[in-house]
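Text of input-v6.cif (mmCIF, C-alpha atoms and all ligand atoms) as supplied:
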```cif
data_entry
#
loop_
_atom_site.label_atom_id
_atom_site.label_comp_id
_atom_site.auth_asym_id
_atom_site.auth_seq_id
_atom_site.Cartn_x
_atom_site.Cartn_y
_atom_site.Cartn_z
CA MET A 491 85.06 117.27 36.25
CA LYS A 492 83.63 116.92 39.73
CA THR A 493 83.46 113.18 40.33
CA VAL A 494 85.34 110.14 39.08
CA LEU A 495 82.85 107.30 39.47
CA ILE A 496 83.78 103.63 39.38
CA LEU A 497 81.20 102.04 37.11
CA SER A 498 81.08 98.26 36.93
CA GLY A 499 77.92 98.02 34.88
CA GLY A 500 75.89 96.53 37.74
CA MET A 501 72.83 97.84 39.56
CA ASP A 502 74.67 99.63 42.36
CA SER A 503 77.07 101.75 40.35
CA ALA A 504 74.33 102.42 37.75
CA THR A 505 72.14 103.83 40.53
CA LEU A 506 75.00 105.92 41.89
CA ALA A 507 75.63 107.33 38.41
CA HIS A 508 72.04 108.60 38.44
CA GLU A 509 72.32 110.36 41.82
CA PRO A 510 71.90 114.12 41.55
CA GLY A 511 74.74 116.41 42.52
CA LEU A 512 77.69 114.29 41.44
CA GLY A 513 78.25 115.67 37.97
CA PRO A 514 80.03 116.38 35.79
CA LEU A 515 81.03 112.74 35.92
CA LEU A 516 83.91 110.75 34.53
CA CYS A 517 82.91 107.08 34.66
CA LEU A 518 85.75 104.59 34.93
CA SER A 519 85.40 100.89 34.23
CA PHE A 520 88.12 98.29 34.52
CA ASP A 521 89.02 95.34 32.38
CA TYR A 522 90.97 93.40 35.02
CA GLY A 523 90.60 90.12 33.22
CA GLN A 524 87.16 89.37 34.64
CA ARG A 525 85.54 86.45 32.87
CA HIS A 526 82.18 88.25 32.95
CA VAL A 527 83.61 90.97 30.70
CA ARG A 528 80.06 91.45 29.40
CA GLU A 529 79.63 93.94 32.26
CA LEU A 530 81.80 96.47 30.42
CA THR A 531 79.25 96.71 27.59
CA ALA A 532 76.63 97.44 30.24
CA ALA A 533 78.84 100.08 31.81
CA ALA A 534 79.21 101.87 28.47
CA ALA A 535 75.44 101.90 27.99
CA ILE A 536 74.86 103.29 31.48
CA ALA A 537 77.45 106.04 31.04
CA ALA A 538 75.79 106.98 27.76
CA ALA A 539 72.38 107.02 29.48
CA VAL A 540 73.57 109.64 31.97
CA GLY A 541 75.57 111.56 29.35
CA ALA A 542 78.89 110.99 31.11
CA GLU A 543 82.36 110.51 29.72
CA HIS A 544 83.36 106.86 30.00
CA ARG A 545 86.77 105.24 29.99
CA ILE A 546 87.74 101.59 30.26
CA LEU A 547 91.15 100.98 31.84
CA ARG A 548 92.85 97.68 31.10
CA LEU A 549 94.90 95.95 33.77
CA ASP A 550 96.65 93.59 31.39
CA GLY A 551 98.18 90.58 33.06
CA PHE A 552 96.51 91.18 36.42
CA ALA A 553 94.20 88.17 36.28
CA ALA A 554 96.97 85.80 35.22
CA ALA A 555 99.17 87.04 38.04
CA CYS A 556 96.43 86.51 40.65
CA PRO A 557 95.08 82.96 40.29
CA GLY A 558 92.42 81.46 42.52
CA SER A 559 89.36 83.66 42.02
CA SER A 560 86.37 82.34 40.13
CA LEU A 561 85.95 85.78 38.56
CA THR A 562 89.29 85.70 36.79
CA ASP A 563 90.60 82.13 36.88
CA PRO A 564 88.96 79.68 34.44
CA ALA A 565 90.16 76.82 36.65
CA VAL A 566 87.80 77.91 39.45
CA ALA A 567 84.06 77.37 38.99
CA VAL A 568 81.65 80.26 39.56
CA PRO A 569 79.78 79.20 42.71
CA HIS A 570 76.01 78.93 42.76
CA GLY A 571 73.90 79.87 45.74
CA HIS A 572 73.34 82.84 47.99
CA TYR A 573 75.94 85.58 48.09
CA ALA A 574 76.42 85.40 51.85
CA ALA A 575 77.49 81.77 51.73
CA GLU A 576 81.07 80.85 52.56
CA THR A 577 81.56 79.53 49.04
CA MET A 578 81.23 83.04 47.66
CA LYS A 579 84.71 83.80 48.95
CA ALA A 580 85.78 82.14 45.72
CA THR A 581 84.71 85.36 44.01
CA VAL A 582 87.23 87.50 45.89
CA VAL A 583 89.84 89.07 43.59
CA SER A 584 92.99 90.06 45.48
CA SER A 585 92.69 93.67 46.67
CA ARG A 586 90.45 94.52 43.72
CA ASN A 587 88.63 97.42 45.33
CA ALA A 588 91.86 98.85 46.70
CA ILE A 589 93.45 98.76 43.25
CA LEU A 590 90.43 100.24 41.47
CA LEU A 591 90.02 103.03 44.03
CA ALA A 592 93.70 103.96 43.96
CA THR A 593 93.63 104.07 40.17
CA ALA A 594 90.46 106.18 40.14
CA PHE A 595 92.07 108.49 42.70
CA GLY A 596 95.01 109.04 40.36
CA VAL A 597 92.62 109.94 37.55
CA ALA A 598 90.80 112.31 39.90
CA VAL A 599 94.08 114.05 40.77
CA ALA A 600 94.94 114.49 37.11
CA HIS A 601 91.52 115.99 36.34
CA GLY A 602 91.33 118.18 39.43
CA ALA A 603 88.19 116.29 40.47
CA GLU A 604 86.70 116.77 43.93
CA GLN A 605 85.95 113.16 44.70
CA VAL A 606 85.98 109.51 43.78
CA ALA A 607 82.63 107.77 44.12
CA THR A 608 82.09 104.07 44.67
CA ALA A 609 78.85 102.12 45.10
CA VAL A 610 80.08 99.59 47.66
CA HIS A 611 77.23 98.67 50.00
CA ALA A 612 76.47 96.89 53.25
CA GLY A 613 76.08 93.52 51.55
CA ASP A 614 79.68 93.67 50.32
CA HIS A 615 81.22 93.85 53.77
CA THR A 616 80.91 90.18 54.60
CA ILE A 617 83.28 88.83 52.01
CA TYR A 618 85.15 91.86 50.68
CA PRO A 619 87.25 93.49 53.45
CA ASP A 620 88.28 96.29 51.09
CA CYS A 621 84.63 97.39 50.87
CA ARG A 622 84.42 98.23 54.58
CA GLU A 623 84.35 101.74 56.01
CA PRO A 624 87.59 101.55 58.06
CA PHE A 625 89.44 100.54 54.93
CA LEU A 626 87.92 103.34 52.85
CA VAL A 627 88.73 105.94 55.53
CA ALA A 628 92.32 104.73 55.79
CA LEU A 629 92.75 104.58 52.02
CA GLU A 630 91.45 108.10 51.55
CA GLU A 631 93.95 109.31 54.12
CA ALA A 632 96.82 107.38 52.57
CA LEU A 633 96.10 108.47 49.00
CA ASN A 634 95.83 112.13 49.99
CA LEU A 635 99.16 111.87 51.81
CA GLY A 636 100.69 110.55 48.61
CA VAL A 637 100.01 113.42 46.21
CA TRP A 638 101.02 117.04 45.76
CA SER A 639 97.74 118.79 46.30
CA ASP A 640 96.52 121.57 48.53
CA ARG A 641 92.99 120.23 48.38
CA ARG A 642 91.79 116.87 49.67
CA ILE A 643 90.09 114.51 47.29
CA ALA A 644 87.33 112.58 49.01
CA ILE A 645 86.40 108.95 48.56
CA ARG A 646 82.61 108.88 48.70
CA ALA A 647 80.71 105.69 49.35
CA PRO A 648 77.16 106.91 49.96
CA TYR A 649 75.66 103.41 49.89
CA LEU A 650 77.89 101.96 52.61
CA ALA A 651 74.99 101.53 55.02
CA LEU A 652 72.46 100.49 52.39
CA SER A 653 71.49 96.97 51.39
CA LYS A 654 71.16 95.97 47.77
CA ILE A 655 67.39 96.09 48.25
CA ASP A 656 67.67 99.70 49.46
CA ILE A 657 69.74 100.53 46.38
CA ALA A 658 67.21 98.90 44.04
CA ARG A 659 64.48 100.95 45.69
CA ARG A 660 66.57 104.10 45.30
CA GLY A 661 67.23 103.23 41.66
CA GLY A 662 63.50 102.83 41.13
CA GLU A 663 62.96 106.34 42.52
CA LEU A 664 65.65 107.74 40.24
CA GLY A 665 64.34 105.96 37.15
CA VAL A 666 67.52 103.96 36.59
CA PRO A 667 67.28 101.89 33.37
CA PHE A 668 68.06 98.62 35.14
CA GLU A 669 67.53 96.70 31.92
CA LEU A 670 70.91 98.08 30.80
CA THR A 671 72.77 96.70 33.82
CA TRP A 672 74.68 93.44 34.09
CA THR A 673 75.19 91.52 37.35
CA CYS A 674 75.93 87.89 36.46
CA TYR A 675 79.33 86.33 37.20
CA ASP A 676 78.82 83.41 34.81
CA PRO A 677 81.24 83.98 31.93
CA GLN A 678 79.29 82.00 29.35
CA GLY A 679 75.85 83.43 29.04
CA ALA A 680 74.32 85.87 26.61
CA VAL A 681 71.72 86.39 29.36
CA HIS A 682 71.98 86.31 33.16
CA CYS A 683 72.46 82.73 34.42
CA GLY A 684 70.01 83.15 37.30
CA GLN A 685 72.01 80.80 39.55
CA CYS A 686 75.25 82.46 40.61
CA GLY A 687 75.35 84.39 43.88
CA ALA A 688 75.27 87.71 42.07
CA CYS A 689 72.14 86.71 40.12
CA GLU A 690 70.49 85.45 43.31
CA GLU A 691 71.13 88.78 44.96
CA ARG A 692 69.84 90.66 41.91
CA LYS A 693 66.57 88.71 41.86
CA GLU A 694 66.14 89.22 45.59
CA ALA A 695 66.78 92.96 45.34
CA PHE A 696 64.11 93.54 42.69
CA ARG A 697 61.61 91.30 44.46
CA ASP A 698 62.08 92.77 47.92
CA ALA A 699 62.13 96.34 46.61
CA GLY A 700 58.78 95.69 44.95
CA LEU A 701 60.12 96.41 41.46
CA VAL A 702 59.54 94.61 38.21
CA ASP A 703 62.70 92.68 37.35
CA PRO A 704 63.52 93.48 33.70
CA THR A 705 66.20 90.76 33.53
CA GLU A 706 66.12 87.72 31.28
CA TYR A 707 67.48 84.73 33.26
CA ALA A 708 68.58 81.43 31.78
CA ALA A 709 67.29 79.61 34.89
ZN ZN B 1 74.54 84.63 37.19
#
```
Starting from the file, lay out its structure as structure tokens.
Ligand SMILES: [Zn+2]
Amino acid sequence: MKTVLILSGGMDSATLAHEPGLGPLLCLSFDYGQRHVRELTAAAAIAAAVGAEHRILRLDGFAAACPGSSLTDPAVAVPHGHYAAETMKATVVSSRNAILLATAFGVAVAHGAEQVATAVHAGDHTIYPDCREPFLVALEEALNLGVWSDRRIAIRAPYLALSKIDIARRGGELGVPFELTWTCYDPQGAVHCGQCGACEERKEAFRDAGLVDPTEYAA
């Protein structure tokens, strides 16, 4: 095992899973009580497509203990509109990236892996402070201080400076089966809603990267 990769089932982590040089891969997905749990089915399909081991870790009770996010709290509506809008802060889940990275780091320690890989990108920085480089640098340092190991485990975020459009373009080059991926935050649909911020960003990424969008949208 070389890399423990956090795989949400979306376009970014699917593209990262297809990058050369990371394998052998252990793909980790998390059931943290997200209402768009459909993404975990996508994650399994993507892991299978790259021939990687896949595990889903369940954080039972997490969502109920952290009310207020539209992603986990049925009392909060999933906002429509562009991802950069102030309203998208409703999608923040308390310290989600910190928790997922720390958990993946523990798995990496247990497997003797070299690194943890995450597909956070430049578009995440605005509303998710735990997707920013200073946080990732500090977390890597803290987690390595906290384990018995004579070898550092790296936290790799190779898309930190890339936009979602850049990642779509990269995925196109790598032949990522984007039709397997799931982006939508709407908990109801059998297909992508086409209206939530995540869907807006997905549409924009395919369009601006000059790729055919394989997604079926409800609107
Ligand atoms: Zn949507």
Pull the closest atom pair for each residue of chain A that gets at most 7 Å from ligand ZN 1 (chain B), along with the distance in Å to one decimal, counting all atoms listed in the file, ordering rows by chain and then ascending residue number, as a tab-separated table.
```
residue	atom	partner	partner_atom	distance
A:Thr673	CA	B:ZN1	ZN	6.9
A:Cys674	CA	B:ZN1	ZN	3.6
A:Tyr675	CA	B:ZN1	ZN	5.1
A:Asp676	CA	B:ZN1	ZN	5.0
A:His682	CA	B:ZN1	ZN	5.1
A:Cys683	CA	B:ZN1	ZN	4.0
A:Gly684	CA	B:ZN1	ZN	4.8
A:Gln685	CA	B:ZN1	ZN	5.2
A:Cys686	CA	B:ZN1	ZN	4.1
A:Gly687	CA	B:ZN1	ZN	6.7
A:Ala688	CA	B:ZN1	ZN	5.8
A:Cys689	CA	B:ZN1	ZN	4.3
```
Near range 505-521 of chain A, within 6 Å and counting all atoms listed in the file, which residues show up once chain neighbours fewer than 4 positions away are dropped, as a compact mmCIF listing (two decimals) with C-alpha atoms, in the frame of the given file?
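That gives us selection-v4.txt:
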```txt
# COMPACT_ATOMS: atom_id res chain seq x y z
CA MET A 491 85.06 117.27 36.25
CA LYS A 492 83.63 116.92 39.73
CA THR A 493 83.46 113.18 40.33
CA VAL A 494 85.34 110.14 39.08
CA LEU A 495 82.85 107.30 39.47
CA ILE A 496 83.78 103.63 39.38
CA LEU A 497 81.20 102.04 37.11
CA SER A 498 81.08 98.26 36.93
CA ALA A 542 78.89 110.99 31.11
CA GLU A 543 82.36 110.51 29.72
CA HIS A 544 83.36 106.86 30.00
CA ARG A 545 86.77 105.24 29.99
CA ILE A 546 87.74 101.59 30.26
CA LEU A 547 91.15 100.98 31.84
CA ARG A 548 92.85 97.68 31.10
CA GLY A 661 67.23 103.23 41.66
```
Output, as AutoDock Vina command-line options, the centre and edge lengths in Å (one decimal) of the axis-aligned box that contains all listed atoms of range 607-621 of chain A with 8 Å of margin on each side.
```
--center_x 82.2 --center_y 98.3 --center_z 49.4 --size_x 28.2 --size_y 34.9 --size_z 26.5
```
Two-atom distance - CA of Val582 in chain A, CA of Ser559 in chain A (Å):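 CA of Ser559 in chain A lies at a distance of 5.9 Å from CA of Val582 in chain A.
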Nearest-residue call for Thr593 in chain A, choices A:Ser639, A:Leu633, A:Cys621, A:Val527, using all atoms listed in the file: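 Smallest separation from Thr593 in chain A among the options: A:Leu633.
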Between CA of Gly541 in chain A and CA of Phe668 in chain A - distance in Å to one decimal: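 Answer for the CA of Phe668 in chain A to CA of Gly541 in chain A separation: 16.0 Å.
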Counting all atoms listed in the file, the option among A:Met501, A:Val583, A:Ala695, A:Leu549 closest to Leu561 in chain A: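 Under the stated criterion, the closest residue is A:Val583.
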Distance in Å - CA of Val627 in chain A versus CA of Lys654 in chain A: 21.6 Å
Proximity to Leu652 in chain A - best of A:Thr705, A:Leu626, A:Ala680, A:Gly613, all atoms listed in the file: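 Selected residue with least distance to Leu652 in chain A: A:Gly613.
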Residues within 10 Å of Glu694 in chain A, all atoms listed in the file, excluding chain neighbours under 2 positions, as a PyMOL selection string: chain A and resi 572+654-655+658+688-692+696-700+703
Just add N, CA and C atoms to range 503-525 of chain A and send it as a PDB file, keeping the file's coordinate frame.
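Generated output (result24.pdb):
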```pdb
ATOM      1  N   SER A 503      76.357 100.608  40.931  1.00  0.00           N
ATOM      2  CA  SER A 503      77.070 101.750  40.350  1.00  0.00           C
ATOM      3  C   SER A 503      76.188 102.477  39.326  1.00  0.00           C
ATOM      4  N   ALA A 504      75.264 101.755  38.678  1.00  0.00           N
ATOM      5  CA  ALA A 504      74.330 102.420  37.750  1.00  0.00           C
ATOM      6  C   ALA A 504      73.433 103.379  38.521  1.00  0.00           C
ATOM      7  N   THR A 505      72.989 102.954  39.701  1.00  0.00           N
ATOM      8  CA  THR A 505      72.140 103.830  40.530  1.00  0.00           C
ATOM      9  C   THR A 505      72.940 105.046  40.989  1.00  0.00           C
ATOM     10  N   LEU A 506      74.162 104.802  41.436  1.00  0.00           N
ATOM     11  CA  LEU A 506      75.000 105.920  41.890  1.00  0.00           C
ATOM     12  C   LEU A 506      75.228 106.926  40.759  1.00  0.00           C
ATOM     13  N   ALA A 507      75.404 106.436  39.546  1.00  0.00           N
ATOM     14  CA  ALA A 507      75.630 107.330  38.410  1.00  0.00           C
ATOM     15  C   ALA A 507      74.423 108.234  38.153  1.00  0.00           C
ATOM     16  N   HIS A 508      73.256 107.811  38.631  1.00  0.00           N
ATOM     17  CA  HIS A 508      72.040 108.600  38.440  1.00  0.00           C
ATOM     18  C   HIS A 508      71.751 109.536  39.620  1.00  0.00           C
ATOM     19  N   GLU A 509      72.563 109.477  40.675  1.00  0.00           N
ATOM     20  CA  GLU A 509      72.320 110.360  41.820  1.00  0.00           C
ATOM     21  C   GLU A 509      72.558 111.822  41.420  1.00  0.00           C
ATOM     22  N   PRO A 510      71.679 112.706  41.862  1.00  0.00           N
ATOM     23  CA  PRO A 510      71.900 114.120  41.550  1.00  0.00           C
ATOM     24  C   PRO A 510      73.088 114.672  42.335  1.00  0.00           C
ATOM     25  N   GLY A 511      73.704 115.692  41.780  1.00  0.00           N
ATOM     26  CA  GLY A 511      74.740 116.410  42.520  1.00  0.00           C
ATOM     27  C   GLY A 511      76.153 115.914  42.350  1.00  0.00           C
ATOM     28  N   LEU A 512      76.333 114.828  41.602  1.00  0.00           N
ATOM     29  CA  LEU A 512      77.690 114.290  41.440  1.00  0.00           C
ATOM     30  C   LEU A 512      78.414 114.847  40.218  1.00  0.00           C
ATOM     31  N   GLY A 513      77.663 115.321  39.262  1.00  0.00           N
ATOM     32  CA  GLY A 513      78.250 115.670  37.970  1.00  0.00           C
ATOM     33  C   GLY A 513      78.950 117.008  37.960  1.00  0.00           C
ATOM     34  N   PRO A 514      79.749 117.272  36.906  1.00  0.00           N
ATOM     35  CA  PRO A 514      80.030 116.380  35.790  1.00  0.00           C
ATOM     36  C   PRO A 514      80.812 115.132  36.222  1.00  0.00           C
ATOM     37  N   LEU A 515      80.480 114.038  35.563  1.00  0.00           N
ATOM     38  CA  LEU A 515      81.030 112.740  35.920  1.00  0.00           C
ATOM     39  C   LEU A 515      82.030 112.238  34.891  1.00  0.00           C
ATOM     40  N   LEU A 516      83.080 111.604  35.386  1.00  0.00           N
ATOM     41  CA  LEU A 516      83.910 110.750  34.530  1.00  0.00           C
ATOM     42  C   LEU A 516      83.716 109.324  35.058  1.00  0.00           C
ATOM     43  N   CYS A 517      83.134 108.466  34.246  1.00  0.00           N
ATOM     44  CA  CYS A 517      82.910 107.080  34.660  1.00  0.00           C
ATOM     45  C   CYS A 517      84.092 106.228  34.238  1.00  0.00           C
ATOM     46  N   LEU A 518      84.616 105.477  35.187  1.00  0.00           N
ATOM     47  CA  LEU A 518      85.750 104.590  34.930  1.00  0.00           C
ATOM     48  C   LEU A 518      85.322 103.144  35.108  1.00  0.00           C
ATOM     49  N   SER A 519      85.619 102.328  34.103  1.00  0.00           N
ATOM     50  CA  SER A 519      85.400 100.890  34.230  1.00  0.00           C
ATOM     51  C   SER A 519      86.740 100.201  34.023  1.00  0.00           C
ATOM     52  N   PHE A 520      86.826  98.984  34.536  1.00  0.00           N
ATOM     53  CA  PHE A 520      88.120  98.290  34.520  1.00  0.00           C
ATOM     54  C   PHE A 520      87.983  96.920  33.867  1.00  0.00           C
ATOM     55  N   ASP A 521      88.865  96.688  32.922  1.00  0.00           N
ATOM     56  CA  ASP A 521      89.020  95.340  32.380  1.00  0.00           C
ATOM     57  C   ASP A 521      90.216  94.719  33.101  1.00  0.00           C
ATOM     58  N   TYR A 522      89.899  94.000  34.208  1.00  0.00           N
ATOM     59  CA  TYR A 522      90.970  93.400  35.020  1.00  0.00           C
ATOM     60  C   TYR A 522      91.083  91.912  34.733  1.00  0.00           C
ATOM     61  N   GLY A 523      90.545  91.537  33.581  1.00  0.00           N
ATOM     62  CA  GLY A 523      90.600  90.120  33.220  1.00  0.00           C
ATOM     63  C   GLY A 523      89.409  89.343  33.736  1.00  0.00           C
ATOM     64  N   GLN A 524      88.350  90.071  34.153  1.00  0.00           N
ATOM     65  CA  GLN A 524      87.160  89.370  34.640  1.00  0.00           C
ATOM     66  C   GLN A 524      86.549  88.547  33.514  1.00  0.00           C
ATOM     67  N   ARG A 525      86.113  87.339  33.877  1.00  0.00           N
ATOM     68  CA  ARG A 525      85.540  86.450  32.870  1.00  0.00           C
ATOM     69  C   ARG A 525      84.161  86.958  32.432  1.00  0.00           C
TER      70      ARG A 525
END
```
